[in-house]
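Here is the structure we will look at, set down as structure tokens.
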Amino acid sequence: MSEINNPSKASTRDWLGLTVLALPCLLYSMDLTVLNLAVPRLTAELAPSSAQLLWIVDIYGFMLAGSLITMGTLGDRIGRRRMLLIGASVFGTASVLTAFSTSAAMLIFARALLGIAASTLAPSTLSLIRHMFTNPRERTFAIAVWVASFSAGAAIGPLIGGLLLEYFWWGSMFLIAVPVMMALLIFGPMLLPEFRNPDAGRLDLLSAVFSIGAVLAVIFGLKRTAQDGLDRWAVASIVIGLVIGAIFVHRQRSQPRPFIDLRVFGNRAFNAALAANAIDFFVGFGIFLFVAQYLQLVLGLSPLKAGLWTVPWACSLIAGSLVTPACARRIRPAFVMAGGLVLAAVGFGILVDVGAEGGLAVVVTGSVIFSFGLAPMTTLATDMMIGNVPSEEAGAASAISETSSEIGGALGIAVVGCAGAAVYRHGLAAIPVAVSPRVEEAVRNTLGGAIAATAGLPTQLGDTLRHAAREAFARSFQAAAMICAALSVMTAIWVVASLRNISGPTSEANHPN
């Protein structure tokens, strides 16, 4: 911990290295968004079954979330730069495999490999930032850039993907990763330091299997809940994941050199920041589930146009991330985070006014405001988690941080999605027309199902059903916004109570203006 007591300023090489670390973060978030644009084209070419299509969409996120802790801990042992470069090589190779997939099974395999490779990127980049920027002010600024790079990837992903789909085949968008990863492989060894934990010991493979199994089972159960409701398979998956997690924790306590040092959870600031980070992603992912559907299924925008209208919120998140360090130097982080959450609640409150027609301005305004408000939480919670552990354990701490983001996001989609689905079904309690049981069931299940099922009906009948479904979805969107607004306000109060005594990054810094 000596570098915390006597922090040194980062060198020019470190700041240049930060730009290199931003590259894989761009791709990390781009690959989470661009596939949705390609689904219609790849469905026509590869003809996947409905089950295969679900795996094509979900397998990347599943493997990413499940492998984070293992890859972060492995990076502490073999070297974080080495882990990053290995991951970049595999990511580039898997991207080529994805782009030229000739069957649904091949695409599922390639996307799974992409997810495993992506799980090396965030923990390695964040733990290297922890090692390169020991000065608190510089580290906060570097983490803000790190967070902004994810937002930038989410913003430009749909734009680049949409443009490529206009002129090339569906797989072309995945080839974006190749030149980016080549740049990382060239400049990474030149600009990034190597660092590993000399006392980490050998990798406990059984613990690695337990950690992957626990996270995968929980994430799978939450995803299934979001898609099909809380059925017995979702409950069984979550319970199995929690049981495996308990076994994992017991094993760590009994090992002389554990896979993850559980003493990190004895740090009150780390635990509070971890919980705050999960809640931040809970509300963010929960509401964006509705934003994306509203733009395309209610307003009828094409995927490209819908992607264009998500650029303002991504830019707002970038701006909020970059102004956060300056705010945290003048105001205690807890109050900056709480103020951001209150602002986010205002943005969610604006979304409560969304209707079934003409709601584009409301959605864009609300999303810009709540995105700016959530940015301080993401940046400062990450900074607190990384800053409150020894540099030797930064890889594992980074992986825990990212895993909390994934679980928080999945939980938000499941809980907010299920609440919204209940409001949607209640809004369709009395369908005003007589239709076949098949169509009625499709209309009651989801708005997407309603749009598809009514496409072949007579004009007046179809219009009536679609209007009723869109009205019901608008009410479900309003309910989701109210849930997120209330949770944001409650979290703001809790953050002040839990973290108010933690001071901001006040050390002298030499970061670029």
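In the structure tokens, the first chain shown is A, the next is B, and so on; residue numbers restart at 1 for each chain, and ligands run from 1 in the order shown.
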| said: Can you tell me, as a PyMOL selection string, which residues in range 226-314 of chain A count as helix (DSSP H, G or I) by DSSP? | reply: chain A and resi 226-228+232-254+262-266+268-298+303-308+311-314
| message | Neighbouring residues of Val283 in chain A were defined as those with any atom within 6 Å, considering only C-alpha atoms; residues of the same chain fewer than 3 positions away were excluded. Please report them as a PyMOL selection string. | response | chain A and resi 280+286+412+484
| field | Between CA of Ser476 in chain A and CA of Gly420 in chain A, distance in Å (one decimal) | value |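 Going from CA of Ser476 in chain A over to CA of Gly420 in chain A, I get 4.5 Å.
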So that each row is one residue of range 69-124 of chain A with an atom at most 9 Å from range 188-194 of chain A, can you give its shortest atom pair and the distance in Å to one decimal, using only C-alpha atoms, rows by chain and rising number, as a Markdown table?
```
| residue | atom | partner | partner_atom | distance |
| --- | --- | --- | --- | --- |
| A:Gly79 | CA | A:Glu194 | CA | 6.1 |
| A:Arg80 | CA | A:Glu194 | CA | 6.3 |
| A:Arg81 | CA | A:Glu194 | CA | 5.2 |
| A:Arg82 | CA | A:Glu194 | CA | 7.3 |
| A:Leu84 | CA | A:Gly188 | CA | 8.8 |
| A:Leu85 | CA | A:Gly188 | CA | 7.5 |
```
| task | Can you pull out every residue within 8 Å of range 400-408 of chain A, counting only C-alpha atoms, but drop anything in the same chain fewer than 3 positions away, and send it as a ChimeraX atom specification? | result | /A:65,68-69,122-123,219,274-275,277-282,382,385,396-397,411-412
| task | Calculate how many Å separate CA of Val90 in chain A from CA of Arg202 in chain A, rounding to one decimal. | result |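 Interatomic distance, CA of Val90 in chain A to CA of Arg202 in chain A: 23.0 Å.
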| query | What lies within 7 Å of Gly213 in chain A using only C-alpha atoms, ignoring chain neighbours under 4 positions off, as a list in words? | reply | Val209, Ala217, Gly241 and Ile244 of chain A
Produce a file of the selected residues containing C-alpha atoms, as a PDB file, in the first residue's frame.
```pdb
ATOM      1  CA  VAL A 209     -14.947 -23.646 -12.061  1.00  0.00           C
ATOM      2  CA  ALA A 217     -26.284 -19.952 -13.214  1.00  0.00           C
ATOM      3  CA  GLY A 241     -25.958 -20.524  -8.623  1.00  0.00           C
ATOM      4  CA  ILE A 244     -22.340 -23.030  -5.877  1.00  0.00           C
TER       5      ILE A 244
END
```
| field | Distance in Å - CA of Gly373 in chain A versus CA of Val323 in chain A | value |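 Result for CA of Gly373 in chain A versus CA of Val323 in chain A: 11.2 Å, one decimal.
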Who sits within 10 Å of range 162-173 of chain A, only C-alpha atoms, same chain under 2 positions skipped, as an mmCIF file with C-alpha atoms, in the first residue's frame:
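Once everything was written out, this is around.cif:
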```
data_model
loop_
_atom_site.group_PDB
_atom_site.id
_atom_site.type_symbol
_atom_site.label_atom_id
_atom_site.label_comp_id
_atom_site.auth_asym_id
_atom_site.auth_seq_id
_atom_site.Cartn_x
_atom_site.Cartn_y
_atom_site.Cartn_z
ATOM 1 C CA MET A 30 -19.840 -2.257 -29.098
ATOM 2 C CA ASP A 31 -20.150 -6.032 -29.257
ATOM 3 C CA VAL A 34 -24.216 -4.247 -32.681
ATOM 4 C CA LEU A 35 -25.572 -7.801 -32.874
ATOM 5 C CA LEU A 37 -28.777 -4.705 -35.809
ATOM 6 C CA ALA A 38 -27.543 -7.816 -37.610
ATOM 7 C CA VAL A 39 -30.245 -10.200 -36.346
ATOM 8 C CA PRO A 40 -32.642 -9.799 -39.313
ATOM 9 C CA ARG A 41 -29.871 -10.386 -41.888
ATOM 10 C CA LEU A 42 -28.191 -13.300 -40.140
ATOM 11 C CA THR A 43 -31.586 -14.893 -39.475
ATOM 12 C CA GLU A 45 -28.914 -16.305 -44.099
ATOM 13 C CA SER A 95 -14.320 -11.693 -34.397
ATOM 14 C CA VAL A 96 -13.121 -13.071 -37.737
ATOM 15 C CA LEU A 97 -14.731 -16.415 -36.912
ATOM 16 C CA THR A 98 -17.985 -14.630 -36.059
ATOM 17 C CA ALA A 99 -17.943 -12.557 -39.238
ATOM 18 C CA PHE A 100 -17.538 -15.588 -41.494
ATOM 19 C CA SER A 101 -19.811 -18.017 -39.606
ATOM 20 C CA ILE A 156 -20.729 4.561 -32.155
ATOM 21 C CA GLY A 157 -21.545 0.843 -32.308
ATOM 22 C CA PRO A 158 -25.034 1.233 -33.791
ATOM 23 C CA LEU A 159 -23.802 3.984 -36.141
ATOM 24 C CA ILE A 160 -20.888 2.031 -37.584
ATOM 25 C CA LEU A 175 -14.418 -7.126 -38.434
ATOM 26 C CA ILE A 176 -14.141 -3.676 -36.805
ATOM 27 C CA ALA A 177 -12.379 -5.454 -33.954
ATOM 28 C CA PRO A 303 -32.824 -0.022 -35.898
ATOM 29 C CA LEU A 304 -30.415 2.519 -37.437
ATOM 30 C CA LYS A 305 -32.627 5.495 -36.603
ATOM 31 C CA GLY A 307 -29.474 3.795 -32.740
ATOM 32 C CA LEU A 308 -29.008 7.406 -33.826
#
```
| Which residues, written as a list in words, have at least one atom at most 9 Å from Ala272 in chain A, with only C-alpha atoms counted and residues fewer than 3 positions away on the same chain left out? |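 Result of the neighbour search: Asn267, Arg268, Ala269, Ala275, Ala276, Asn277, Ala381, Met385, Val495, Ser498 and Leu499 of chain A.
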| message | Nearest residue to Leu128 in chain A out of A:Gly66, A:Gly462, A:Gly153, A:Gly75, using only C-alpha atoms? | response | A:Gly75
| task | Name the residues in contact with Ser316 in chain A at a cut-off of 10 Å, using only C-alpha atoms, excluding same-chain residues fewer than 2 positions from it; report them as a list in words. | result |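 Final neighbour list, sorted by chain and number: Ala148, Ser151, Val311, Pro312, Trp313, Ala314, Ile318, Ala319, Gly320, Ser321, Leu322, Ser367, Val368, Ile369, Phe370, Ser371, Phe372, Gly373, Leu374 and Ala375 of chain A.
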Selected residues written out with N, CA and C atoms, as a PDB file, in the first residue's frame:
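For reference, selection_8.pdb as written:
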```
ATOM      1  N   ALA A 148     -15.918   6.532 -19.855  1.00  0.00           N
ATOM      2  CA  ALA A 148     -16.374   7.231 -21.061  1.00  0.00           C
ATOM      3  C   ALA A 148     -16.128   6.410 -22.315  1.00  0.00           C
ATOM      4  N   SER A 151     -18.966   4.139 -22.906  1.00  0.00           N
ATOM      5  CA  SER A 151     -20.105   4.894 -23.428  1.00  0.00           C
ATOM      6  C   SER A 151     -19.909   5.239 -24.893  1.00  0.00           C
ATOM      7  N   VAL A 311     -27.601   8.101 -29.399  1.00  0.00           N
ATOM      8  CA  VAL A 311     -26.324   8.821 -29.317  1.00  0.00           C
ATOM      9  C   VAL A 311     -26.361   9.943 -28.281  1.00  0.00           C
ATOM     10  N   PRO A 312     -27.448  10.741 -28.182  1.00  0.00           N
ATOM     11  CA  PRO A 312     -27.451  11.813 -27.177  1.00  0.00           C
ATOM     12  C   PRO A 312     -27.233  11.322 -25.748  1.00  0.00           C
ATOM     13  N   TRP A 313     -27.877  10.200 -25.368  1.00  0.00           N
ATOM     14  CA  TRP A 313     -27.664   9.743 -23.991  1.00  0.00           C
ATOM     15  C   TRP A 313     -26.260   9.221 -23.786  1.00  0.00           C
ATOM     16  N   ALA A 314     -25.681   8.597 -24.814  1.00  0.00           N
ATOM     17  CA  ALA A 314     -24.306   8.111 -24.684  1.00  0.00           C
ATOM     18  C   ALA A 314     -23.339   9.279 -24.537  1.00  0.00           C
ATOM     19  N   ILE A 318     -20.860  10.219 -21.394  1.00  0.00           N
ATOM     20  CA  ILE A 318     -19.445  10.565 -21.554  1.00  0.00           C
ATOM     21  C   ILE A 318     -19.147  11.883 -20.861  1.00  0.00           C
ATOM     22  N   ALA A 319     -19.980  12.886 -21.118  1.00  0.00           N
ATOM     23  CA  ALA A 319     -19.772  14.206 -20.514  1.00  0.00           C
ATOM     24  C   ALA A 319     -19.847  14.128 -18.992  1.00  0.00           C
ATOM     25  N   GLY A 320     -20.843  13.396 -18.483  1.00  0.00           N
ATOM     26  CA  GLY A 320     -20.972  13.259 -17.042  1.00  0.00           C
ATOM     27  C   GLY A 320     -19.773  12.568 -16.412  1.00  0.00           C
ATOM     28  N   SER A 321     -19.224  11.575 -17.105  1.00  0.00           N
ATOM     29  CA  SER A 321     -18.045  10.866 -16.592  1.00  0.00           C
ATOM     30  C   SER A 321     -16.836  11.790 -16.509  1.00  0.00           C
ATOM     31  N   LEU A 322     -16.663  12.639 -17.520  1.00  0.00           N
ATOM     32  CA  LEU A 322     -15.473  13.474 -17.592  1.00  0.00           C
ATOM     33  C   LEU A 322     -15.528  14.680 -16.662  1.00  0.00           C
ATOM     34  N   SER A 367     -33.686  10.546 -21.146  1.00  0.00           N
ATOM     35  CA  SER A 367     -32.508   9.673 -21.172  1.00  0.00           C
ATOM     36  C   SER A 367     -31.218  10.474 -21.082  1.00  0.00           C
ATOM     37  N   VAL A 368     -31.173  11.663 -21.681  1.00  0.00           N
ATOM     38  CA  VAL A 368     -29.984  12.508 -21.578  1.00  0.00           C
ATOM     39  C   VAL A 368     -29.764  12.927 -20.125  1.00  0.00           C
ATOM     40  N   ILE A 369     -30.845  13.295 -19.436  1.00  0.00           N
ATOM     41  CA  ILE A 369     -30.720  13.764 -18.052  1.00  0.00           C
ATOM     42  C   ILE A 369     -30.331  12.629 -17.109  1.00  0.00           C
ATOM     43  N   PHE A 370     -31.007  11.477 -17.213  1.00  0.00           N
ATOM     44  CA  PHE A 370     -30.658  10.415 -16.267  1.00  0.00           C
ATOM     45  C   PHE A 370     -29.300   9.809 -16.574  1.00  0.00           C
ATOM     46  N   SER A 371     -28.865   9.809 -17.835  1.00  0.00           N
ATOM     47  CA  SER A 371     -27.533   9.303 -18.155  1.00  0.00           C
ATOM     48  C   SER A 371     -26.453  10.193 -17.541  1.00  0.00           C
ATOM     49  N   PHE A 372     -26.633  11.491 -17.644  1.00  0.00           N
ATOM     50  CA  PHE A 372     -25.674  12.416 -17.033  1.00  0.00           C
ATOM     51  C   PHE A 372     -25.652  12.220 -15.517  1.00  0.00           C
ATOM     52  N   GLY A 373     -26.821  11.981 -14.924  1.00  0.00           N
ATOM     53  CA  GLY A 373     -26.897  11.797 -13.483  1.00  0.00           C
ATOM     54  C   GLY A 373     -26.293  10.498 -12.988  1.00  0.00           C
ATOM     55  N   LEU A 374     -26.362   9.435 -13.790  1.00  0.00           N
ATOM     56  CA  LEU A 374     -25.797   8.147 -13.374  1.00  0.00           C
ATOM     57  C   LEU A 374     -24.281   8.088 -13.530  1.00  0.00           C
ATOM     58  N   ALA A 375     -23.712   8.963 -14.359  1.00  0.00           N
ATOM     59  CA  ALA A 375     -22.270   8.915 -14.648  1.00  0.00           C
ATOM     60  C   ALA A 375     -21.402   9.043 -13.397  1.00  0.00           C
TER      61      ALA A 375
END
```
| said: Counting only C-alpha atoms, which residue out of A:Leu230, A:Leu222, A:Ala214, A:Ile413 sits closest to Val249 in chain A? | reply: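 With only C-alpha atoms as the atom set, the closest residue is A:Ala214.
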| field | Nearest to Leu21 in chain A by atom-to-atom distance, counting only C-alpha atoms, from A:Val235, A:Ile502, A:Met181, A:Val496 | value | A:Met181
| said: Using only C-alpha atoms for the distances, tell me which of A:Leu27, A:Ala410, A:Ala469, A:Ala344 is nearest to Val215 in chain A. | reply: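 Ranking A:Leu27, A:Ala410, A:Ala469, A:Ala344 by distance to Val215 in chain A, first place goes to A:Ala410.
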